[in-house]
Each structure stands twice: as structure tokens, then as C-alpha cells.
>>> print(open('input_32.txt').read())   # compact mmCIF, C-alpha atoms
# COMPACT_ATOMS: atom_id res chain seq x y z
CA MET A 157 0.00 0.00 0.00
CA ALA A 158 3.03 2.24 -0.38
CA GLY A 159 2.16 5.62 -1.78
CA ARG A 160 -1.54 5.32 -0.93
CA LEU A 161 -3.19 7.68 1.53
CA ARG A 162 -5.44 6.20 4.17
CA LEU A 163 -7.21 8.50 6.58
CA ALA A 164 -7.51 7.44 10.19
CA GLY A 165 -10.81 5.72 10.77
CA MET A 166 -11.29 4.90 7.11
CA PRO A 167 -11.45 1.25 6.06
CA ARG A 168 -8.42 -0.30 4.42
CA ALA A 169 -8.59 -0.86 0.70
CA GLY A 170 -10.51 -4.04 0.09
CA SER A 171 -12.29 -3.98 3.43
CA SER A 172 -15.96 -3.38 3.77
CA ASP A 173 -18.55 -2.42 6.33
CA THR A 174 -21.13 -4.57 4.57
CA LEU A 175 -22.85 -7.60 6.00
CA ASP A 176 -20.01 -9.90 4.95
CA ARG A 177 -17.87 -8.48 7.78
CA VAL A 178 -18.00 -10.27 11.11
CA LYS A 179 -19.48 -8.12 13.88
CA PRO A 180 -18.69 -8.72 17.57
CA SER A 181 -22.39 -9.04 18.43
CA ASP A 182 -22.55 -12.04 16.09
CA VAL A 183 -19.65 -13.89 17.71
CA SER A 184 -19.79 -16.38 20.58
CA CYS A 185 -16.45 -17.22 22.13
CA LEU A 186 -14.95 -19.85 24.42
CA ILE A 187 -11.71 -18.99 26.25
CA VAL A 188 -9.35 -21.89 27.00
CA ASP A 189 -6.55 -20.79 29.32
CA ASP A 190 -5.15 -21.84 32.68
CA SER A 191 -4.49 -18.26 33.79
CA THR A 192 -7.43 -16.94 35.81
CA GLU A 193 -6.12 -13.38 35.42
CA PHE A 194 -6.02 -13.65 31.63
CA CYS A 195 -9.46 -15.24 31.48
CA VAL A 196 -11.00 -12.46 33.58
CA ALA A 197 -9.30 -9.74 31.52
CA ALA A 198 -10.15 -11.36 28.17
CA ARG A 199 -13.77 -11.90 29.17
CA ARG A 200 -14.13 -8.25 30.24
CA LEU A 201 -12.53 -7.05 27.02
CA LEU A 202 -14.66 -9.26 24.79
CA ASP A 203 -17.89 -8.64 26.71
CA ALA A 204 -17.31 -4.88 26.46
CA ALA A 205 -16.80 -5.21 22.69
CA GLY A 206 -20.07 -7.09 22.27
CA PHE A 207 -18.81 -10.66 21.98
CA THR A 208 -20.76 -13.32 23.85
CA VAL A 209 -18.31 -15.27 26.01
CA VAL A 210 -20.06 -18.63 26.41
CA GLY A 211 -17.53 -20.19 28.74
CA ILE A 212 -14.05 -20.55 30.12
CA ALA A 213 -12.08 -23.79 30.33
CA SER A 214 -8.63 -24.52 31.74
CA THR A 215 -8.09 -28.10 30.54
CA MET A 216 -8.55 -30.11 27.35
CA ALA A 217 -11.39 -32.15 28.86
CA ASP A 218 -13.22 -29.02 30.02
CA ALA A 219 -12.65 -27.32 26.65
CA VAL A 220 -14.16 -30.24 24.73
CA ALA A 221 -17.13 -30.47 27.12
CA VAL A 222 -17.87 -26.72 27.16
CA ALA A 223 -17.44 -26.43 23.38
CA ALA A 224 -19.85 -29.33 22.80
CA ALA A 225 -22.41 -27.77 25.14
CA THR A 226 -22.13 -24.18 23.87
CA ARG A 227 -21.04 -24.57 20.21
CA PRO A 228 -19.05 -21.30 20.07
CA ASP A 229 -18.09 -19.53 16.86
CA VAL A 230 -14.56 -18.84 18.12
CA ILE A 231 -12.32 -20.61 20.60
CA LEU A 232 -9.24 -18.83 21.97
CA VAL A 233 -6.71 -21.47 23.05
CA ASP A 234 -3.59 -20.73 25.08
CA ILE A 235 -0.51 -22.44 23.65
CA ASP A 236 0.94 -23.11 27.12
CA LEU A 237 -1.99 -24.70 28.89
CA GLY A 238 -0.32 -25.93 32.06
CA ALA A 239 0.62 -29.58 31.62
CA GLU A 240 -1.28 -29.75 28.32
CA SER A 241 -0.40 -28.32 24.93
CA GLY A 242 -2.79 -25.89 23.33
CA PHE A 243 -2.02 -27.59 20.02
CA ASP A 244 -3.30 -30.88 21.44
CA VAL A 245 -6.41 -29.06 22.64
CA VAL A 246 -7.04 -27.64 19.14
CA ALA A 247 -6.64 -31.13 17.64
CA ALA A 248 -9.00 -32.65 20.23
CA LEU A 249 -11.59 -29.93 19.66
CA GLY A 250 -11.44 -30.43 15.91
CA ASP A 251 -11.75 -34.21 16.29
CA ALA A 252 -14.68 -33.87 18.70
CA TRP A 253 -16.46 -31.54 16.29
CA VAL A 254 -16.06 -33.94 13.37
CA GLU A 255 -17.07 -36.99 15.44
CA ALA A 256 -20.24 -35.20 16.58
CA GLY A 257 -21.06 -34.15 13.02
CA LEU A 258 -21.06 -30.49 14.03
CA MET A 259 -19.83 -28.68 10.97
CA PRO A 260 -18.47 -26.19 10.37
CA ALA A 261 -16.05 -26.37 13.25
CA PRO A 262 -15.46 -23.21 15.27
CA SER A 263 -12.59 -20.94 14.32
CA MET A 264 -9.79 -21.66 16.77
CA ILE A 265 -7.21 -19.00 17.52
CA MET A 266 -3.98 -19.76 19.37
CA VAL A 267 -2.96 -17.16 21.96
CA SER A 268 0.25 -16.75 23.94
CA THR A 269 2.62 -14.28 25.53
CA HIS A 270 5.32 -15.73 23.26
CA ASP A 271 6.16 -14.18 19.89
CA ALA A 272 4.27 -15.43 16.85
CA GLU A 273 7.55 -16.54 15.26
CA ASP A 274 8.18 -18.96 18.13
CA PHE A 275 5.26 -21.13 17.07
CA ALA A 276 4.56 -20.11 13.46
CA ASP A 277 5.19 -23.56 11.97
CA LEU A 278 3.10 -25.31 14.61
CA VAL A 279 0.23 -22.83 14.23
CA ASP A 280 0.32 -23.25 10.45
CA ALA A 281 0.25 -27.04 10.79
CA SER A 282 -2.67 -26.96 13.24
CA ALA A 283 -6.40 -26.56 12.70
CA ALA A 284 -6.18 -23.05 14.19
CA VAL A 285 -6.99 -20.14 11.88
CA GLY A 286 -4.07 -18.19 13.30
CA PHE A 287 -2.25 -16.73 16.27
CA LEU A 288 -2.72 -13.63 18.40
CA SER A 289 -0.38 -12.36 21.06
CA LYS A 290 -2.17 -11.95 24.38
CA PHE A 291 -0.77 -8.42 24.44
CA ASP A 292 -2.51 -7.63 21.12
CA LEU A 293 -5.80 -9.35 21.91
CA SER A 294 -8.81 -7.19 21.09
CA ALA A 295 -12.15 -7.54 19.38
CA ASP A 296 -10.67 -5.88 16.29
CA THR A 297 -7.70 -8.25 16.06
CA ILE A 298 -9.99 -11.26 16.43
CA ILE A 299 -12.37 -9.96 13.76
CA GLU A 300 -9.49 -9.15 11.41
CA LEU A 301 -8.12 -12.68 11.81
CA LEU A 302 -11.57 -14.20 11.23
CA ASP A 303 -12.10 -12.02 8.14
CA ARG A 304 -8.73 -13.08 6.73
CA SER A 305 -9.45 -16.76 7.35
CA ARG A 306 -12.73 -16.76 5.42
>>> encode(input="input_32.txt", output="C-alpha cells")
Amino acid sequence: MAGRLRLAGMPRAGSSDTLDRVKPSDVSCLIVDDSTEFCVAARRLLDAAGFTVVGIASTMADAVAVAAATRPDVILVDIDLGAESGFDVVAALGDAWVEAGLMPAPSMIMVSTHDAEDFADLVDASAAVGFLSKFDLSADTIIELLDRSR
């Protein structure tokens, strides 16, 4: 976009405010993280932006159970989930969705305090639609990632 002027607040070229854009009020979200502090902060942030946080889980078993019960649109999964790997959680969630015949599967987003480059290959090889740093987490960054993945 070099040489192109974009005014603050104006949509980027190619973006749209039409109905094909995901809106926070249309998005239900499950948070999978073993940090209570992060879960509280993320829930407040997403609730304030209009997302519907349908649950919080801290283990793979809880994530699969809550996802099956609530059928969220988006699942945020911490990469470092205590003794469990967030990548294993994403795989288990995807498998559970397929086994239950619940398609399409929710969009799963890996989150971490680590840099994206640290896990880029693993994120790309997973069923996750992408990665967001916990420090950059916002309704806008989630929506942008969902828009790009569609």
C-alpha cells in the first residue's frame, strides 16, 4: 500500500462495512486458558466489545465439554496450557467436532505471551486459523483474523 493515503478511521482498501464483515455481536467465544487473570481480563474485554463469552475452560477435557455444550463460533486457546499443549487441545476440539457431526467447526485462535515466530510452523500445521499475542488481543484483532481466514 506504499504511496496510498489512508485517513484514520477509514477502512483499508478491500475492506468493507457490509454484511459480509463479522461483527462482535454475532460472535460467541470460548476462552481456554489456565491463567485466571487472563481469562478475567479477556472476558471483560470481549464482553465490552459485544462478543458473547459462552464459557471458560482450563483443561482439554473441560474445553471439549464446554465447546460441545455451547457450540461457540470462536475458541481462543492458550498455547501453554499448564501440563497440556494448546495444540493438542485444538486437535482434540477439531476431532470432537467432526465426530459429533457439528460442521463447520469453530474458528480456533492460538494465543500466547510468546512471539508469533516462536510457534509459526506449529500454528500453520494446526487446525487453528491463526495466532494472536495476548498483548494484542482485542475484538478488532480477532475480527481481522476471522475475516482473513474466510
>>> residues_around(input="input_32.txt", residues="Gly250 of chain A", least_positions_apart="5", cutoff="9 Å", atoms="only C-alpha atoms", output="MDAnalysis selection string")
chainID A and resid 245 255 261:262 264 283
>>> closest_residue(input="input_32.txt", among="A:Leu232, A:Ala224, A:Glu273, A:Asp218", to="Ala295 of chain A", atoms="only C-alpha atoms")
A:Leu232
>>> closest_atom_pairs(input="input_32.txt", of="segment 212-237 of chain A", to="segment 185-199 of chain A", cutoff="8 Å", atoms="only C-alpha atoms", output="Markdown table")
| residue | atom | partner | partner_atom | distance |
| --- | --- | --- | --- | --- |
| A:Ile212 | CA | A:Ile187 | CA | 4.8 |
| A:Ala213 | CA | A:Val188 | CA | 4.7 |
| A:Ser214 | CA | A:Asp190 | CA | 4.5 |
| A:Thr215 | CA | A:Asp190 | CA | 7.2 |
| A:Ala219 | CA | A:Val188 | CA | 6.4 |
| A:Val222 | CA | A:Leu186 | CA | 8.0 |
| A:Ala223 | CA | A:Leu186 | CA | 7.1 |
| A:Pro228 | CA | A:Cys185 | CA | 5.3 |
| A:Asp229 | CA | A:Cys185 | CA | 6.0 |
| A:Val230 | CA | A:Cys185 | CA | 4.7 |
| A:Ile231 | CA | A:Leu186 | CA | 4.7 |
| A:Leu232 | CA | A:Ile187 | CA | 4.9 |
| A:Val233 | CA | A:Val188 | CA | 4.8 |
| A:Asp234 | CA | A:Asp189 | CA | 5.2 |
| A:Leu237 | CA | A:Asp190 | CA | 5.7 |
>>> closest_residue(input="input_32.txt", among="A:Ser263, A:Ser289, A:Ser184, A:Thr297", to="Val246 of chain A", atoms="all atoms listed in the file")
A:Ser263
>>> atom_distance(input="input_32.txt", atom1="atom CA of Leu293 of chain A", atom2="atom CA of Val220 of chain A")
22.7 Å
>>> closest_residue(input="input_32.txt", among="A:Leu201, A:Met259, A:Phe243, A:Trp253", to="Asp277 of chain A", atoms="all atoms listed in the file")
A:Phe243
>>> closest_residue(input="input_32.txt", among="A:His270, A:Val183, A:Met216, A:Arg227", to="Leu202 of chain A", atoms="all atoms listed in the file")
A:Val183
>>> atom_distance(input="input_32.txt", atom1="atom CA of Phe291 of chain A", atom2="atom CA of Ala217 of chain A")
26.4 Å
>>> atom_distance(input="input_32.txt", atom1="atom CA of Ala221 of chain A", atom2="atom CA of Ala284 of chain A")
18.5 Å
>>> axis_aligned_box(input="input_32.txt", around="segment 246-251 of chain A", padding_each_side="3 Å", output="AutoDock Vina command-line options")
--center_x -9.2 --center_y -30.9 --center_z 18.1 --size_x 11.1 --size_y 12.6 --size_z 10.3
>>> residues_around(input="input_32.txt", residues="Asp271 of chain A", least_positions_apart="4", cutoff="12 Å", atoms="all atoms listed in the file", output="list in words")
Ile235, Met266, Val267, Phe275, Ala276, Val279, Phe287, Leu288, Ser289, Lys290, Phe291 and Asp292 of chain A
>>> write_last_selection(input="input_32.txt", atoms="C-alpha atoms", output="short mmCIF file (atom, residue, chain, number, x, y, z; two decimals), in the frame of the given file")
data_model
loop_
_atom_site.label_atom_id
_atom_site.label_comp_id
_atom_site.auth_asym_id
_atom_site.auth_seq_id
_atom_site.Cartn_x
_atom_site.Cartn_y
_atom_site.Cartn_z
CA ILE A 235 -0.51 -22.44 23.65
CA MET A 266 -3.98 -19.76 19.37
CA VAL A 267 -2.96 -17.16 21.96
CA PHE A 275 5.26 -21.13 17.07
CA ALA A 276 4.56 -20.11 13.46
CA VAL A 279 0.23 -22.83 14.23
CA PHE A 287 -2.25 -16.73 16.27
CA LEU A 288 -2.72 -13.63 18.40
CA SER A 289 -0.38 -12.36 21.06
CA LYS A 290 -2.17 -11.95 24.38
CA PHE A 291 -0.77 -8.42 24.44
CA ASP A 292 -2.51 -7.63 21.12
#
>>> closest_residue(input="input_32.txt", among="A:Thr208, A:Ser305, A:Thr226, A:Thr269", to="Gly286 of chain A", atoms="all atoms listed in the file")
A:Ser305
